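Coordinates as given in run11.cif (mmCIF, C-alpha atoms and all ligand atoms):
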```cif
data_model
loop_
_atom_site.label_atom_id
_atom_site.label_comp_id
_atom_site.auth_asym_id
_atom_site.auth_seq_id
_atom_site.Cartn_x
_atom_site.Cartn_y
_atom_site.Cartn_z
CA MET A 1 -49.68 3.21 47.35
CA SER A 2 -52.46 1.19 48.84
CA ASP A 3 -52.44 0.38 52.57
CA GLN A 4 -53.05 -3.21 51.73
CA ASP A 5 -50.03 -3.52 49.45
CA VAL A 6 -47.87 -6.35 50.80
CA ALA A 7 -44.71 -4.28 50.22
CA SER A 8 -46.12 -1.44 52.38
CA LEU A 9 -47.24 -3.86 55.08
CA ILE A 10 -43.77 -5.43 55.25
CA LEU A 11 -42.16 -1.99 55.39
CA SER A 12 -44.42 -0.78 58.19
CA GLU A 13 -43.65 -3.90 60.23
CA HIS A 14 -39.94 -3.19 59.74
CA ASP A 15 -40.51 0.27 61.22
CA ALA A 16 -42.39 -1.29 64.13
CA PHE A 17 -39.39 -3.58 64.81
CA ARG A 18 -37.06 -0.57 64.88
CA ARG A 19 -39.35 1.12 67.42
CA ASP A 20 -39.88 -2.03 69.49
CA PHE A 21 -36.14 -2.75 69.85
CA THR A 22 -35.56 0.85 70.94
CA ALA A 23 -38.48 0.71 73.39
CA LEU A 24 -36.86 -2.23 75.25
CA GLU A 25 -34.23 0.20 76.55
CA GLY A 26 -36.81 1.88 78.81
CA LEU A 27 -38.10 -1.32 80.42
CA GLU A 28 -37.08 -3.69 83.19
CA GLY A 29 -38.23 -6.80 85.03
CA GLU A 30 -41.43 -8.52 83.95
CA ALA A 31 -42.35 -5.73 81.52
CA LEU A 32 -39.00 -6.18 79.76
CA GLN A 33 -39.44 -9.94 79.53
CA GLN A 34 -42.97 -9.58 78.15
CA ALA A 35 -41.95 -6.94 75.62
CA TRP A 36 -39.11 -9.15 74.40
CA ASP A 37 -41.39 -12.21 74.17
CA ARG A 38 -43.86 -10.22 72.05
CA LEU A 39 -41.07 -8.88 69.85
CA ALA A 40 -39.48 -12.32 69.38
CA ALA A 41 -42.86 -13.81 68.43
CA GLN A 42 -43.47 -10.99 65.96
CA LEU A 43 -40.04 -11.53 64.38
CA GLU A 44 -41.01 -15.15 63.77
CA VAL A 45 -44.43 -14.24 62.33
CA HIS A 46 -42.72 -11.72 60.05
CA ALA A 47 -40.07 -14.14 58.75
CA ALA A 48 -42.49 -17.04 58.35
CA GLY A 49 -45.05 -14.70 56.74
CA GLU A 50 -42.49 -13.51 54.20
CA GLU A 51 -41.53 -17.12 53.50
CA ALA A 52 -45.18 -18.06 52.91
CA VAL A 53 -46.47 -14.99 51.09
CA PHE A 54 -43.67 -12.76 49.74
CA TYR A 55 -40.59 -14.80 48.81
CA PRO A 56 -42.39 -17.36 46.60
CA HIS A 57 -43.14 -14.42 44.27
CA VAL A 58 -39.63 -13.03 44.60
CA VAL A 59 -38.35 -16.43 43.43
CA ARG A 60 -40.72 -16.65 40.48
CA GLU A 61 -41.01 -13.07 39.35
CA LEU A 62 -37.83 -11.08 40.11
CA PRO A 63 -34.81 -11.37 37.76
CA ASP A 64 -32.35 -12.56 40.43
CA GLY A 65 -35.13 -13.75 42.70
CA GLY A 66 -33.70 -17.20 43.43
CA ASP A 67 -30.35 -15.88 44.63
CA ASP A 68 -31.91 -12.98 46.53
CA THR A 69 -34.28 -15.38 48.27
CA ALA A 70 -31.55 -17.85 49.21
CA HIS A 71 -29.64 -14.97 50.79
CA ALA A 72 -32.72 -13.69 52.65
CA LEU A 73 -33.57 -17.14 54.02
CA HIS A 74 -30.05 -17.47 55.33
CA ASP A 75 -30.61 -14.13 57.11
CA HIS A 76 -33.98 -15.30 58.50
CA ASP A 77 -32.33 -18.33 60.08
CA GLU A 78 -29.60 -16.09 61.47
CA ILE A 79 -32.29 -13.89 63.08
CA ARG A 80 -34.04 -17.01 64.46
CA ALA A 81 -30.76 -18.21 65.99
CA ALA A 82 -30.03 -14.76 67.44
CA ALA A 83 -33.51 -14.57 69.00
CA ALA A 84 -33.14 -18.10 70.42
CA ALA A 85 -29.82 -17.08 71.98
CA VAL A 86 -31.60 -14.28 73.88
CA ALA A 87 -33.92 -16.82 75.49
CA GLU A 88 -30.91 -18.60 76.99
CA GLN A 89 -29.99 -15.57 79.11
CA GLU A 90 -31.68 -14.04 82.12
CA ALA A 91 -33.80 -11.08 81.02
CA GLY A 92 -32.11 -7.79 81.82
CA SER A 93 -28.67 -9.31 82.52
CA GLU A 94 -25.63 -8.01 80.68
CA ALA A 95 -25.42 -11.20 78.61
CA TRP A 96 -29.12 -10.85 77.76
CA TRP A 97 -28.69 -7.28 76.51
CA GLU A 98 -25.70 -8.34 74.48
CA ALA A 99 -27.77 -11.10 72.84
CA VAL A 100 -30.64 -8.64 72.22
CA ARG A 101 -28.28 -6.17 70.55
CA THR A 102 -26.92 -8.92 68.33
CA ALA A 103 -30.49 -9.85 67.31
CA GLN A 104 -31.27 -6.17 66.74
CA GLN A 105 -28.22 -5.79 64.50
CA VAL A 106 -28.74 -8.90 62.35
CA ASN A 107 -32.41 -7.97 61.97
CA ALA A 108 -31.60 -4.34 61.10
CA ASP A 109 -29.05 -5.40 58.46
CA HIS A 110 -31.53 -7.82 56.93
CA MET A 111 -34.40 -5.31 56.85
CA ALA A 112 -32.15 -2.71 55.22
CA GLU A 113 -31.23 -5.22 52.48
CA GLU A 114 -34.86 -6.11 51.85
CA GLU A 115 -35.76 -2.44 51.64
CA ARG A 116 -32.82 -1.53 49.42
CA ASP A 117 -32.75 -4.56 47.12
CA LEU A 118 -36.19 -6.12 47.03
CA LEU A 119 -39.23 -4.04 47.98
CA GLY A 120 -38.74 -1.48 45.18
CA GLN A 121 -38.05 -4.16 42.57
CA PHE A 122 -41.08 -6.11 43.79
CA LYS A 123 -43.29 -3.07 43.16
CA GLU A 124 -41.84 -2.65 39.68
CA GLN A 125 -42.37 -6.28 38.69
CA ILE A 126 -45.67 -7.08 40.37
CA GLY A 127 -48.85 -5.14 39.71
CA GLN A 128 -50.84 -3.30 42.34
CA GLU A 129 -53.76 -5.73 42.22
CA GLN A 130 -51.53 -8.73 42.94
CA ARG A 131 -49.64 -6.83 45.64
CA ASP A 132 -52.95 -6.03 47.31
CA GLU A 133 -54.04 -9.65 47.11
CA LEU A 134 -50.76 -10.73 48.69
CA GLY A 135 -51.32 -8.06 51.34
CA LEU A 136 -54.59 -9.74 52.25
CA ALA A 137 -52.79 -13.08 52.52
CA TRP A 138 -50.16 -11.37 54.71
CA LEU A 139 -52.85 -10.00 57.04
CA ALA A 140 -54.66 -13.34 57.19
CA PHE A 141 -51.35 -15.05 58.03
CA HIS A 142 -50.80 -12.59 60.88
CA GLU A 143 -54.27 -13.21 62.22
CA GLU A 144 -53.90 -16.99 62.00
CA HIS A 145 -50.47 -16.95 63.65
CA ALA A 146 -50.84 -14.11 66.16
CA GLY A 147 -48.19 -14.47 68.86
CA ALA A 148 -46.42 -17.03 66.58
CA GLU A 149 -49.21 -19.51 67.36
CA GLY A 150 -48.80 -22.61 65.19
CA LEU A 151 -45.32 -21.65 63.97
CA SER A 152 -42.43 -23.91 64.92
CA GLY A 153 -39.71 -21.24 64.84
CA ASP A 154 -37.48 -23.90 63.31
CA PRO A 155 -34.94 -22.87 60.67
CA VAL A 156 -36.38 -22.82 57.16
CA GLY A 157 -33.45 -25.05 56.24
CA ASP A 158 -31.68 -25.44 52.90
CA PRO A 159 -32.47 -22.31 50.83
CA GLU A 160 -31.89 -24.23 47.57
CA ASP A 161 -34.70 -26.66 48.43
CA TYR A 162 -37.02 -23.76 49.22
CA VAL A 163 -36.19 -21.97 45.95
CA GLU A 164 -36.74 -25.13 43.92
CA ALA A 165 -40.09 -25.81 45.61
CA ALA A 166 -41.15 -22.18 45.11
CA GLN A 167 -40.31 -22.37 41.41
CA GLN A 168 -42.48 -25.47 41.12
CA GLU A 169 -45.26 -23.90 43.20
CA ARG A 170 -45.17 -26.70 45.74
CA LEU A 171 -44.11 -24.89 48.90
CA PRO A 172 -46.22 -26.20 51.79
CA GLN A 173 -46.16 -22.85 53.62
CA GLU A 174 -47.40 -21.02 50.52
CA ALA A 175 -50.27 -23.48 50.09
CA ALA A 176 -51.17 -23.23 53.79
CA ALA A 177 -51.22 -19.40 53.68
CA GLN A 178 -53.45 -19.55 50.60
CA GLU A 179 -55.83 -21.86 52.43
CA VAL A 180 -55.98 -19.54 55.45
CA LEU A 181 -56.78 -16.62 53.13
CA GLU A 182 -59.56 -18.58 51.44
CA GLN A 183 -61.10 -19.50 54.79
CA MET A 184 -61.09 -15.89 55.90
CA THR A 185 -62.52 -14.32 52.75
FE FE B 1 -37.10 -10.93 55.83
FE FE B 2 -38.81 -8.23 56.38
#
```
Could you show the structure in this file as structure tokens?
Ligand SMILES: [Fe+2]
Ligand SMILES: [Fe+2]
Amino acid sequence: MSDQDVASLILSEHDAFRRDFTALEGLEGEALQQAWDRLAAQLEVHAAGEEAVFYPHVVRELPDGGDDTAHALHDHDEIRAAAAAVAEQEAGSEAWWEAVRTAQQVNADHMAEEERDLLGQFKEQIGQEQRDELGLAWLAFHEEHAGAEGLSGDPVGDPEDYVEAAQQERLPQEAAAQEVLEQMT
């Protein structure tokens, strides 16, 4: 599998999230706050990146892609809400750790579902060349939005609207990611 394959890039970021959540346990004070801020920003870049680059193709090209995407977007908004709930607590407090563990759990469950239900199917349905091209778009998106720069963090909203727009190839986030890729290549 190519390193630039979007499915591999998503999977390796999932592994990074697993490591980053675990690494919080060894930190305190300012270092803990900074590590959480970086992790929360990366969770947003990951979700928004999937919404711009990966899920439009899941909708259009996987057999149950519409339903799978609606479910995943619901999860993304749950992760966003869980991460926002962390920010309401004082870093390192008991309530803060409880909110972090909730975010860790909802994110872990979602990643496991993507890995079990979608990434393999995606590789079966979408050829290597297209997966590599989407990988480039994924990397360009990460560069453009490093630290969640330019991303609102707002919920993606009604999954049915997203799925319909993806089917009609009129998702604004997909068009924007395509534009970023074109500027960078
Ligand atoms: Fe996701
Ligand atoms: Fe993911």
I'd like the interatomic distance between CA of Ala23 (chain A) and CA of Trp138 (chain A), to a tenth of an Å.
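So the answer is 25.1 Å.
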Counting all atoms listed in the file, which residue out of A:Asp5, A:Glu149, A:Glu143, A:Asp77 sits closest to ligand FE 1 (chain B)?
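Among A:Asp5, A:Glu149, A:Glu143, A:Asp77, it is A:Asp77 that comes nearest to ligand FE 1 (chain B).
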Distance in Å - CA of Val86 (chain A) versus CA of Pro159 (chain A):
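One can read the CA of Val86 (chain A) to CA of Pro159 (chain A) distance as 24.4 Å.
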So, counting only C-alpha atoms, which residue among A:Phe21, A:Gln167, A:Val45, A:Leu119 is closest to Thr102 (chain A)?
A:Phe21
Of the candidates A:Ala35, A:Ala108, A:Ala87, A:Ala137, which shows the shortest atom-to-atom distance to Ala52 (chain A), using only C-alpha atoms?
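Closest residue, counting only C-alpha atoms: A:Ala137.
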Excluding same-chain residues fewer than 5 positions from Glu115 (chain A), what lies within 9 Å of it counting only C-alpha atoms, as a PyMOL selection string?
chain A and resi 11+110+120
Which polymer residues have any atom within 12 Å of an atom of Glu144 (chain A), counting all atoms listed in the file, with same-chain residues fewer than 2 positions away left out, as JSON, numbers by chain?
{"A": [45, 48, 49, 137, 138, 139, 140, 141, 142, 146, 147, 148, 149, 150, 151, 176, 177, 178, 179, 180, 181, 183, 184]}
Show me which residues sit within 7 Å of ligand FE 2 (chain B) when counting all atoms listed in the file, and put them as a count of residues only.
7
Report, in Å to a single decimal, how far apart CA of Gln128 (chain A) and CA of His74 (chain A) are.
28.3 Å
Centre and edges of the region 45-59 of chain A box, axis-aligned, 6 Å extra per side, as AutoDock Vina command-line options:
```
--center_x -42.4 --center_y -14.9 --center_z 52.9 --size_x 20.1 --size_y 18.3 --size_z 30.9
```
Measuring between only C-alpha atoms, which one of A:Leu9, A:Ala91, A:Leu136, A:Leu118 shows the shortest distance to Asp64 (chain A)?
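Going through A:Leu9, A:Ala91, A:Leu136, A:Leu118 one by one, the smallest distance to Asp64 (chain A) is for A:Leu118.
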Contact residues around region 57-62 of chain A with all atoms listed in the file at 12 Å, ignoring same-chain residues under 6 positions, as JSON, numbers by chain
{"A": [6, 7, 50, 51, 68, 69, 70, 71, 72, 73, 114, 117, 118, 119, 120, 121, 122, 123, 124, 125, 126, 127, 130, 131, 134, 159, 160, 161, 162, 163, 164, 165, 166, 167, 168, 169, 171, 174]}
When you get a chance, write out N, CA and C atoms for region 87-112 of chain A, as an mmCIF file, in the frame of the given file.
```cif
data_model
loop_
_atom_site.group_PDB
_atom_site.id
_atom_site.type_symbol
_atom_site.label_atom_id
_atom_site.label_comp_id
_atom_site.auth_asym_id
_atom_site.auth_seq_id
_atom_site.Cartn_x
_atom_site.Cartn_y
_atom_site.Cartn_z
ATOM 1 N N ALA A 87 -33.115 -16.042 74.546
ATOM 2 C CA ALA A 87 -33.920 -16.820 75.490
ATOM 3 C C ALA A 87 -33.065 -17.631 76.464
ATOM 4 N N GLU A 88 -31.790 -17.821 76.108
ATOM 5 C CA GLU A 88 -30.910 -18.600 76.990
ATOM 6 C C GLU A 88 -30.340 -17.763 78.134
ATOM 7 N N GLN A 89 -30.531 -16.454 78.076
ATOM 8 C CA GLN A 89 -29.990 -15.570 79.110
ATOM 9 C C GLN A 89 -31.104 -15.076 80.030
ATOM 10 N N GLU A 90 -30.698 -14.589 81.182
ATOM 11 C CA GLU A 90 -31.680 -14.040 82.120
ATOM 12 C C GLU A 90 -32.041 -12.620 81.688
ATOM 13 N N ALA A 91 -33.357 -12.377 81.537
ATOM 14 C CA ALA A 91 -33.800 -11.080 81.020
ATOM 15 C C ALA A 91 -33.213 -9.939 81.837
ATOM 16 N N GLY A 92 -32.650 -8.968 81.158
ATOM 17 C CA GLY A 92 -32.110 -7.790 81.820
ATOM 18 C C GLY A 92 -30.644 -7.912 82.208
ATOM 19 N N SER A 93 -30.095 -9.139 82.172
ATOM 20 C CA SER A 93 -28.670 -9.310 82.520
ATOM 21 C C SER A 93 -27.813 -8.733 81.397
ATOM 22 N N GLU A 94 -26.535 -8.555 81.687
ATOM 23 C CA GLU A 94 -25.630 -8.010 80.680
ATOM 24 C C GLU A 94 -25.560 -8.918 79.451
ATOM 25 N N ALA A 95 -25.492 -10.243 79.722
ATOM 26 C CA ALA A 95 -25.420 -11.200 78.610
ATOM 27 C C ALA A 95 -26.699 -11.167 77.778
ATOM 28 N N TRP A 96 -27.828 -10.937 78.465
ATOM 29 C CA TRP A 96 -29.120 -10.850 77.760
ATOM 30 C C TRP A 96 -29.135 -9.651 76.827
ATOM 31 N N TRP A 97 -28.709 -8.493 77.357
ATOM 32 C CA TRP A 97 -28.690 -7.280 76.510
ATOM 33 C C TRP A 97 -27.751 -7.451 75.335
ATOM 34 N N GLU A 98 -26.640 -8.124 75.584
ATOM 35 C CA GLU A 98 -25.700 -8.340 74.480
ATOM 36 C C GLU A 98 -26.346 -9.187 73.390
ATOM 37 N N ALA A 99 -27.078 -10.234 73.818
ATOM 38 C CA ALA A 99 -27.770 -11.100 72.840
ATOM 39 C C ALA A 99 -28.877 -10.327 72.122
ATOM 40 N N VAL A 100 -29.583 -9.457 72.851
ATOM 41 C CA VAL A 100 -30.640 -8.640 72.220
ATOM 42 C C VAL A 100 -30.026 -7.716 71.172
ATOM 43 N N ARG A 101 -28.895 -7.119 71.513
ATOM 44 C CA ARG A 101 -28.280 -6.170 70.550
ATOM 45 C C ARG A 101 -27.776 -6.906 69.311
ATOM 46 N N THR A 102 -27.312 -8.133 69.505
ATOM 47 C CA THR A 102 -26.920 -8.920 68.330
ATOM 48 C C THR A 102 -28.140 -9.193 67.454
ATOM 49 N N ALA A 103 -29.254 -9.592 68.081
ATOM 50 C CA ALA A 103 -30.490 -9.850 67.310
ATOM 51 C C ALA A 103 -30.951 -8.578 66.606
ATOM 52 N N GLN A 104 -30.861 -7.456 67.319
ATOM 53 C CA GLN A 104 -31.270 -6.170 66.740
ATOM 54 C C GLN A 104 -30.422 -5.863 65.500
ATOM 55 N N GLN A 105 -29.122 -6.113 65.607
ATOM 56 C CA GLN A 105 -28.220 -5.790 64.500
ATOM 57 C C GLN A 105 -28.450 -6.698 63.297
ATOM 58 N N VAL A 106 -28.555 -8.015 63.517
ATOM 59 C CA VAL A 106 -28.740 -8.900 62.350
ATOM 60 C C VAL A 106 -30.098 -8.617 61.702
ATOM 61 N N ASN A 107 -31.094 -8.292 62.530
ATOM 62 C CA ASN A 107 -32.410 -7.970 61.970
ATOM 63 C C ASN A 107 -32.364 -6.645 61.204
ATOM 64 N N ALA A 108 -31.676 -5.649 61.765
ATOM 65 C CA ALA A 108 -31.600 -4.340 61.100
ATOM 66 C C ALA A 108 -30.881 -4.462 59.752
ATOM 67 N N ASP A 109 -29.792 -5.231 59.720
ATOM 68 C CA ASP A 109 -29.050 -5.400 58.460
ATOM 69 C C ASP A 109 -29.930 -6.073 57.413
ATOM 70 N N HIS A 110 -30.664 -7.090 57.863
ATOM 71 C CA HIS A 110 -31.530 -7.820 56.930
ATOM 72 C C HIS A 110 -32.664 -6.933 56.401
ATOM 73 N N MET A 111 -33.302 -6.189 57.282
ATOM 74 C CA MET A 111 -34.400 -5.310 56.850
ATOM 75 C C MET A 111 -33.898 -4.270 55.854
ATOM 76 N N ALA A 112 -32.708 -3.725 56.128
ATOM 77 C CA ALA A 112 -32.150 -2.710 55.220
ATOM 78 C C ALA A 112 -31.915 -3.312 53.836
#
```
